[in-house]
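Read the structure below first, then the notes.
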Amino acid sequence: MTVRVRFAPSPTGYLHVGGARTALFNWLYAKKTGGTFILRIEDTDKERSTETHTQVILDGMKWLGITYDEGPYYQGQYGRRHRADAEALLAQDRAYRCFCTREELDAQRALASKTGSAFRYDGRCGRRTQEDIAAQLAAGKEFSLRLRMPEGEIAWDDAVHGRISFQGHDLDDFIILRSDGTPIYNLAVVSDDIDMRVTHVIRGDDHISNTPKQIAIYRALGKPEPVFAHVPMILGTDGKKLSKRHGATAVGDYQHQGILPLAMRNFLALLGWSPGGDREIMAEEEMISLFSLEGIQKKAAVFDTTKLEWMNGQYLSARPAAELLGPVQLHLAEMGVRTSRDLIPVIDAVKARSRTLVDIASQVAVRVDRSKIVRDAKGEALAQKLGASFATNLRTAQAALEAVEWNPAAIEAALKAVAAQTGTKLGDLMQPIRVALTGGTVSEPVNELLAVTGKEESLARIAAAAGA
RNA sequence: GCCGCUAUCGUCUAGAGGCCUAGGACACAGCCCUCUCAAGGCUGGAACACGGGUUCGAAUCCCGUUAGCGGUACCA
């Protein structure tokens with residue numbers, strides 16, 4: 001049997017990191033098993049679903065490199081099949097017409113909460129006689145369809161949790177088809193998963209309590225159930241479900257913050273899954289070959305942005321500058337930096353000490369655009385501390401640099417020589433140059449900084465700082 | 001309330017009865033390297049929620065308690 005999995009987001013919001021990870025696990029499993037990964041947009045909630053959100057989800061998946069083999073299917077287009085399935089259930093008396101109005105239901109619910117007991121629909125409409133039903137119909141009363149929930153145990157062997165068991169009598173006869181003929185989520189999902197021949201349902205933990213209901217539908221329909229794998233939730237740093245107030249939760253936010261898709265994907269894979277042992281930074285092929293449902297954690301995981309940024313820094317250092325050029329240019333454009341210079345060497349000089357593309361862009365900006373130099377607190381403090389020697393040392397350096405061949409090795413030799421000759425501490429010579437060129441006290445080695453900035457520009461910046 | 005799920009350093013996790021005086025990573029502290037900052041190397045502090053069993057032996061199995069989370073809609 002070939003594996004068929006699906007990711008089924010509803011386009012009622014952005015692509016959340018939790019959703020992205022669910023998609024990733026499905027994708028990984030499909031790749032691992034040579035199966036098919038289906039994308040299905042669950043847009044049955046017409047009120048809240050938008051095309052914009054659909055597009056954002058598609059873009060997010062594309063950015064992360066999570067490709068699908070089938071779809072996107074739009075659930076809203078299968079209303080006829082959903083209804084047919086519900087009516088088949090009605091015909092076999094596995095479902096029945098419920099004539100209760102919302103008001104009646106609300107009243108029952110209110111009563112239940114007053115007495116402190118759990119509300120479960122009491123199944124009163126399931127006990128109506130044929131005559132009664134005919135009379136209701138003749139009176140033109142609206143009805144929804146409810147599934148007859150069987151008594152007894154409903155259990156399954158969850159691929160991540162092991163055996164999970166519910167009792168039929170704890171569940172009620174839930175609605176599968178609204179009075180307007182549209183399906184309720186649990187019916188639509190089962191109907192679609194059967195139709196699309198889905199073999200493994202890999203989804204969030206929050207669906208565990210839907211699963212027995214869905215299994216009841218599979219059984220009523222006489223269809224075999226797929227394998228279920230419920231992956232744990234992703235939490236914020238306070239241990240609560242990840243939400244807006246924790247800051248960035250949409251994958252688009254991280255793209256904007258300068259996170260690399262490969263780093264994001266690697267990080268997400270490790271949230272709730274472990275290949276065992278000490279593997280952390282993994283190439284795609286490795287991730288796929290190591291992936292297994294059994295390796296998925298049962299416990300919810302906290303989303304730790306700091307570690308994401310560390311990992312991003314690792315990826316930034318490892319990727320060739322040419323690959324970073326495009327995204328860096330995007331960020332530069334946002335910062336209003338335009339330059340005709342070849343940025344590859346600049347990016348190379350700077351990427352090792354960056355954690356995000358935004359970091360790289362701002363460092364590049366200072367190196368190519370003099371107007372971006374703003375002396376920061378530490379740069380200012382250094383100038384204060386050195387007093388007159390700040391300018392003196394700069395002039396010394398400038399003089400030594402005038403005649404030097406402009407490459408890192410020659411520059412370094414010249415600077416070290418002049419420091420030795422004049423008895424200046426190397427740091428007292430180098431740091432003012434750094435401040436002159438970047439405004440701050442942090443950068444790549446000064447010789448490389450000078451090389452990458454260019455002779456003419458470097459000397460101009462030094463002169464300006466020495467004169468100031 | 002009821003139903004379900006979960007429980008190893010602050011965080012992500014390794015661990016599938018003896019290999020564990022519990023390993024790695026992020027973060028933190030210190031040292032080394034060094035023109036600064038990263039990176040890298042070394043070192044350090046830091047966890048098996050609690051209580052009962054089972055067993056010669058339990059982080060690992062069972063039961064209970066506690067806590068957290070999820071669900072409890074004619075939402076998905």
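Each chain of the structure tokens is named A, B, ... in the order shown, its residues numbered from 1; ligands are numbered from 1 in display order.
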Counting only C-alpha atoms (C1' of nucleotides), what are the residues of chain A within 8 Å of chain B, and for each of them which pair of atoms is the nearest and at what distance in Å, to one decimal? Sort the table by chain and rising number, as a Markdown table.
| residue | atom | partner | partner_atom | distance |
| --- | --- | --- | --- | --- |
| A:Ser10 | CA | B:A76 | C1' | 6.6 |
| A:Glu42 | CA | B:A76 | C1' | 7.8 |
| A:Asp45 | CA | B:C75 | C1' | 7.4 |
| A:Arg102 | CA | B:C74 | C1' | 7.5 |
| A:Gly116 | CA | B:G1 | C1' | 5.7 |
| A:Ser117 | CA | B:G1 | C1' | 6.0 |
| A:Ala118 | CA | B:C2 | C1' | 5.4 |
| A:Phe119 | CA | B:U72 | C1' | 7.8 |
| A:Ser144 | CA | B:C74 | C1' | 6.9 |
| A:Phe166 | CA | B:G4 | C1' | 7.7 |
| A:Asp170 | CA | B:C3 | C1' | 6.8 |
| A:Ile175 | CA | B:C74 | C1' | 6.8 |
| A:Leu177 | CA | B:C74 | C1' | 7.5 |
| A:Arg178 | CA | B:C74 | C1' | 4.7 |
| A:Ser179 | CA | B:C74 | C1' | 6.6 |
| A:Ile184 | CA | B:C74 | C1' | 7.8 |
| A:Tyr185 | CA | B:A76 | C1' | 6.4 |
| A:Asp205 | CA | B:G70 | C1' | 7.1 |
| A:Asp206 | CA | B:G70 | C1' | 5.2 |
| A:Ile208 | CA | B:G4 | C1' | 7.5 |
| A:Ser209 | CA | B:G71 | C1' | 5.6 |
| A:Asn210 | CA | B:G71 | C1' | 7.9 |
| A:Leu270 | CA | B:C12 | C1' | 7.3 |
| A:Leu271 | CA | B:C12 | C1' | 6.7 |
| A:Ser274 | CA | B:U13 | C1' | 7.2 |
| A:Gly276 | CA | B:A14 | C1' | 6.3 |
| A:Gly277 | CA | B:A14 | C1' | 5.4 |
| A:Asp278 | CA | B:G24 | C1' | 5.3 |
| A:Glu280 | CA | B:A25 | C1' | 7.5 |
| A:Lys298 | CA | B:U6 | C1' | 6.9 |
| A:Lys299 | CA | B:U6 | C1' | 5.6 |
| A:Ala300 | CA | B:U6 | C1' | 7.7 |
| A:Ala301 | CA | B:C12 | C1' | 7.6 |
| A:Val302 | CA | B:U11 | C1' | 7.0 |
| A:Asp304 | CA | B:U11 | C1' | 6.5 |
| A:Thr306 | CA | B:C26 | C1' | 7.1 |
| A:Lys307 | CA | B:C26 | C1' | 5.0 |
| A:Trp310 | CA | B:C26 | C1' | 7.4 |
| A:Ala352 | CA | B:A38 | C1' | 6.6 |
| A:Arg353 | CA | B:A38 | C1' | 4.3 |
| A:Ser354 | CA | B:A38 | C1' | 7.6 |
| A:Leu426 | CA | B:C35 | C1' | 5.8 |
| A:Gly427 | CA | B:C35 | C1' | 4.6 |
| A:Leu429 | CA | B:C35 | C1' | 7.8 |
| A:Met430 | CA | B:C35 | C1' | 5.2 |
| A:Gln431 | CA | B:C35 | C1' | 6.7 |
| A:Thr441 | CA | B:U36 | C1' | 5.7 |
| A:Val442 | CA | B:C37 | C1' | 4.8 |
| A:Ser443 | CA | B:C37 | C1' | 6.0 |
| A:Glu444 | CA | B:C37 | C1' | 7.5 |
| A:Pro445 | CA | B:C35 | C1' | 7.0 |
| A:Val446 | CA | B:C35 | C1' | 7.0 |
Output file for the residues above (C-alpha atoms, as a CSV table (one decimal), in the first residue's frame):
chain,number,residue,atom,x,y,z
A,10,SER,CA,-8.2,26.2,6.8
A,42,GLU,CA,-10.5,23.4,4.1
A,45,ASP,CA,-16.2,28.1,6.8
A,102,ARG,CA,-30.7,26.3,18.0
A,116,GLY,CA,-22.9,21.3,36.6
A,117,SER,CA,-23.1,18.3,34.3
A,118,ALA,CA,-21.6,18.0,30.8
A,119,PHE,CA,-23.9,18.8,28.0
A,144,SER,CA,-30.0,18.8,10.6
A,166,PHE,CA,-12.8,6.8,24.3
A,170,ASP,CA,-19.2,9.9,26.6
A,175,ILE,CA,-24.4,16.9,13.9
A,177,LEU,CA,-24.9,18.0,8.2
A,178,ARG,CA,-26.3,21.4,8.9
A,179,SER,CA,-29.9,22.3,8.3
A,184,ILE,CA,-19.8,19.9,9.5
A,185,TYR,CA,-16.0,19.6,9.7
A,205,ASP,CA,-2.9,17.0,19.1
A,206,ASP,CA,-5.9,19.3,19.3
A,208,ILE,CA,-7.5,13.9,19.4
A,209,SER,CA,-11.0,14.5,20.7
A,210,ASN,CA,-12.3,14.7,17.1
A,270,LEU,CA,13.4,19.4,15.6
A,271,LEU,CA,10.4,20.8,17.5
A,274,SER,CA,14.2,13.9,17.2
A,276,GLY,CA,17.7,10.1,18.1
A,277,GLY,CA,21.2,10.8,19.3
A,278,ASP,CA,22.8,14.2,18.9
A,280,GLU,CA,20.8,18.8,15.0
A,298,LYS,CA,4.3,13.2,22.8
A,299,LYS,CA,4.9,16.4,24.8
A,300,ALA,CA,4.2,19.9,23.6
A,301,ALA,CA,7.2,22.0,22.7
A,302,VAL,CA,8.1,25.6,23.5
A,304,ASP,CA,12.5,29.2,21.4
A,306,THR,CA,16.8,32.3,20.4
A,307,LYS,CA,17.7,28.8,19.3
A,310,TRP,CA,21.4,30.5,16.5
A,352,ALA,CA,30.0,34.8,9.9
A,353,ARG,CA,28.9,37.2,12.6
A,354,SER,CA,25.3,37.6,11.6
A,426,LEU,CA,47.4,47.4,18.1
A,427,GLY,CA,43.9,47.7,19.5
A,429,LEU,CA,45.2,51.7,16.2
A,430,MET,CA,42.6,49.3,14.9
A,431,GLN,CA,39.6,50.2,16.9
A,441,THR,CA,33.4,48.8,17.6
A,442,VAL,CA,32.3,45.5,16.1
A,443,SER,CA,33.2,44.2,12.7
A,444,GLU,CA,35.2,41.7,10.8
A,445,PRO,CA,39.0,42.0,11.2
A,446,VAL,CA,40.1,45.6,10.3
Discussion item. From a backbone DSSP assignment, name each residue in stretch 24-272 of chain A labelled strand (DSSP E), as a PyMOL selection string.
Written reply: chain A and resi 36-41+70-74+95-98+144-147+153-158+162-167+175-177+200-204+227-231+234-235
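You can rank B:G40, B:G57, B:G45, B:G64 by their closest distance to B:C28 using only C-alpha atoms (C1' of nucleotides), and at the top of that list sits B:G45.
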Fill in: Who sits within 9 Å of stretch 37-39 of chain A, only C-alpha atoms (C1' of nucleotides), same chain under 4 positions skipped, as a VMD selection string
chain A and resid 3 to 9 23 26 to 27 29 to 31 67 to 74 196 198
Worksheet entry | All alpha helix (DSSP H) positions in stretch 117-180 of chain A, as a ChimeraX atom specification | /A:130-138
Would you output that residue set with all heavy atoms, as a PDB file, in the first residue's frame?
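Once everything was written out, this is part_22.pdb:
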ATOM      1  N   GLN A 130     -41.798   7.084  12.943  1.00  0.00           N
ATOM      2  CA  GLN A 130     -41.927   7.429  11.519  1.00  0.00           C
ATOM      3  C   GLN A 130     -43.027   8.464  11.314  1.00  0.00           C
ATOM      4  O   GLN A 130     -42.862   9.403  10.559  1.00  0.00           O
ATOM      5  CB  GLN A 130     -42.242   6.177  10.701  1.00  0.00           C
ATOM      6  CG  GLN A 130     -41.066   5.193  10.581  1.00  0.00           C
ATOM      7  CD  GLN A 130     -39.833   5.825   9.936  1.00  0.00           C
ATOM      8  OE1 GLN A 130     -39.955   6.651   9.032  1.00  0.00           O
ATOM      9  NE2 GLN A 130     -38.660   5.454  10.408  1.00  0.00           N
ATOM     10  N   GLU A 131     -44.140   8.288  12.014  1.00  0.00           N
ATOM     11  CA  GLU A 131     -45.267   9.201  11.866  1.00  0.00           C
ATOM     12  C   GLU A 131     -44.880  10.604  12.298  1.00  0.00           C
ATOM     13  O   GLU A 131     -45.173  11.605  11.645  1.00  0.00           O
ATOM     14  CB  GLU A 131     -46.464   8.729  12.718  1.00  0.00           C
ATOM     15  CG  GLU A 131     -47.061   7.384  12.305  1.00  0.00           C
ATOM     16  CD  GLU A 131     -46.171   6.208  12.695  1.00  0.00           C
ATOM     17  OE1 GLU A 131     -45.594   6.224  13.804  1.00  0.00           O
ATOM     18  OE2 GLU A 131     -46.022   5.285  11.877  1.00  0.00           O
ATOM     19  N   ASP A 132     -44.182  10.646  13.431  1.00  0.00           N
ATOM     20  CA  ASP A 132     -43.736  11.922  13.981  1.00  0.00           C
ATOM     21  C   ASP A 132     -42.834  12.642  12.979  1.00  0.00           C
ATOM     22  O   ASP A 132     -43.009  13.835  12.695  1.00  0.00           O
ATOM     23  CB  ASP A 132     -42.986  11.646  15.297  1.00  0.00           C
ATOM     24  CG  ASP A 132     -42.594  12.936  15.993  1.00  0.00           C
ATOM     25  OD1 ASP A 132     -43.000  14.024  15.527  1.00  0.00           O
ATOM     26  OD2 ASP A 132     -41.887  12.850  17.017  1.00  0.00           O
ATOM     27  N   ILE A 133     -41.892  11.882  12.440  1.00  0.00           N
ATOM     28  CA  ILE A 133     -40.953  12.473  11.484  1.00  0.00           C
ATOM     29  C   ILE A 133     -41.712  12.987  10.271  1.00  0.00           C
ATOM     30  O   ILE A 133     -41.485  14.118   9.803  1.00  0.00           O
ATOM     31  CB  ILE A 133     -39.898  11.439  11.054  1.00  0.00           C
ATOM     32  CG1 ILE A 133     -39.034  11.067  12.253  1.00  0.00           C
ATOM     33  CG2 ILE A 133     -39.043  11.975   9.910  1.00  0.00           C
ATOM     34  CD1 ILE A 133     -38.114   9.882  12.032  1.00  0.00           C
ATOM     35  N   ALA A 134     -42.621  12.188   9.785  1.00  0.00           N
ATOM     36  CA  ALA A 134     -43.408  12.591   8.611  1.00  0.00           C
ATOM     37  C   ALA A 134     -44.178  13.874   8.903  1.00  0.00           C
ATOM     38  O   ALA A 134     -44.254  14.774   8.060  1.00  0.00           O
ATOM     39  CB  ALA A 134     -44.368  11.469   8.214  1.00  0.00           C
ATOM     40  N   ALA A 135     -44.703  13.966  10.109  1.00  0.00           N
ATOM     41  CA  ALA A 135     -45.468  15.154  10.495  1.00  0.00           C
ATOM     42  C   ALA A 135     -44.565  16.391  10.528  1.00  0.00           C
ATOM     43  O   ALA A 135     -44.928  17.465  10.035  1.00  0.00           O
ATOM     44  CB  ALA A 135     -46.114  14.941  11.859  1.00  0.00           C
ATOM     45  N   GLN A 136     -43.370  16.231  11.108  1.00  0.00           N
ATOM     46  CA  GLN A 136     -42.423  17.348  11.178  1.00  0.00           C
ATOM     47  C   GLN A 136     -42.072  17.818   9.765  1.00  0.00           C
ATOM     48  O   GLN A 136     -42.019  19.010   9.489  1.00  0.00           O
ATOM     49  CB  GLN A 136     -41.132  16.917  11.887  1.00  0.00           C
ATOM     50  CG  GLN A 136     -41.316  16.474  13.325  1.00  0.00           C
ATOM     51  CD  GLN A 136     -41.653  17.635  14.252  1.00  0.00           C
ATOM     52  OE1 GLN A 136     -41.291  18.777  13.984  1.00  0.00           O
ATOM     53  NE2 GLN A 136     -42.384  17.342  15.304  1.00  0.00           N
ATOM     54  N   LEU A 137     -41.828  16.835   8.906  1.00  0.00           N
ATOM     55  CA  LEU A 137     -41.466  17.138   7.520  1.00  0.00           C
ATOM     56  C   LEU A 137     -42.615  17.859   6.815  1.00  0.00           C
ATOM     57  O   LEU A 137     -42.409  18.850   6.118  1.00  0.00           O
ATOM     58  CB  LEU A 137     -41.142  15.826   6.781  1.00  0.00           C
ATOM     59  CG  LEU A 137     -39.686  15.466   6.478  1.00  0.00           C
ATOM     60  CD1 LEU A 137     -38.679  16.180   7.354  1.00  0.00           C
ATOM     61  CD2 LEU A 137     -39.477  13.963   6.515  1.00  0.00           C
ATOM     62  N   ALA A 138     -43.831  17.321   7.039  1.00  0.00           N
ATOM     63  CA  ALA A 138     -45.007  17.907   6.407  1.00  0.00           C
ATOM     64  C   ALA A 138     -45.205  19.339   6.864  1.00  0.00           C
ATOM     65  O   ALA A 138     -45.621  20.210   6.099  1.00  0.00           O
ATOM     66  CB  ALA A 138     -46.249  17.067   6.736  1.00  0.00           C
TER      67      ALA A 138
END
Worksheet item: Separation of atom CA of A:Pro150 and atom CA of A:Asn186, in Å?
Response: 16.2 Å
Discussion item. What does the structure give for the distance between atom CA of A:Lys351 and atom CA of A:Ala333, in Å to one decimal?
Written reply: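 Distance between the two atoms: 18.1 Å.
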Practice prompt. Would you please work out which residue, of A:Ile41, A:Leu330, A:Ala436, A:Ala414, is nearest to A:Val374 when using only C-alpha atoms?
Written response: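 Among the listed residues, A:Ala436 lies closest to A:Val374.
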Worksheet item: Which value, in Å to one decimal, gives the distance between atom CA of A:Ile360 and atom CA of A:His331?
Response: 9.1 Å
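Across A:Asp122, A:Glu457, A:Asp158, A:Glu412, the tightest approach to A:Arg203 is made by A:Asp158 when counting only C-alpha atoms.
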Fill in: Exercise: B:C20 partners within 12 Å, only C-alpha atoms (C1' of nucleotides), chain neighbours under 6 positions left out, as a VMD selection string
chain B and resid 8 14 48 58 to 60
Item to complete: Return the single residue from A:Pro224, A:Pro320, A:Gly65, A:Gly454 that is closest to A:Asp369, with distances computed using only C-alpha atoms.
Response: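 Looking at the shortest contact to A:Asp369, the residue is A:Gly454.
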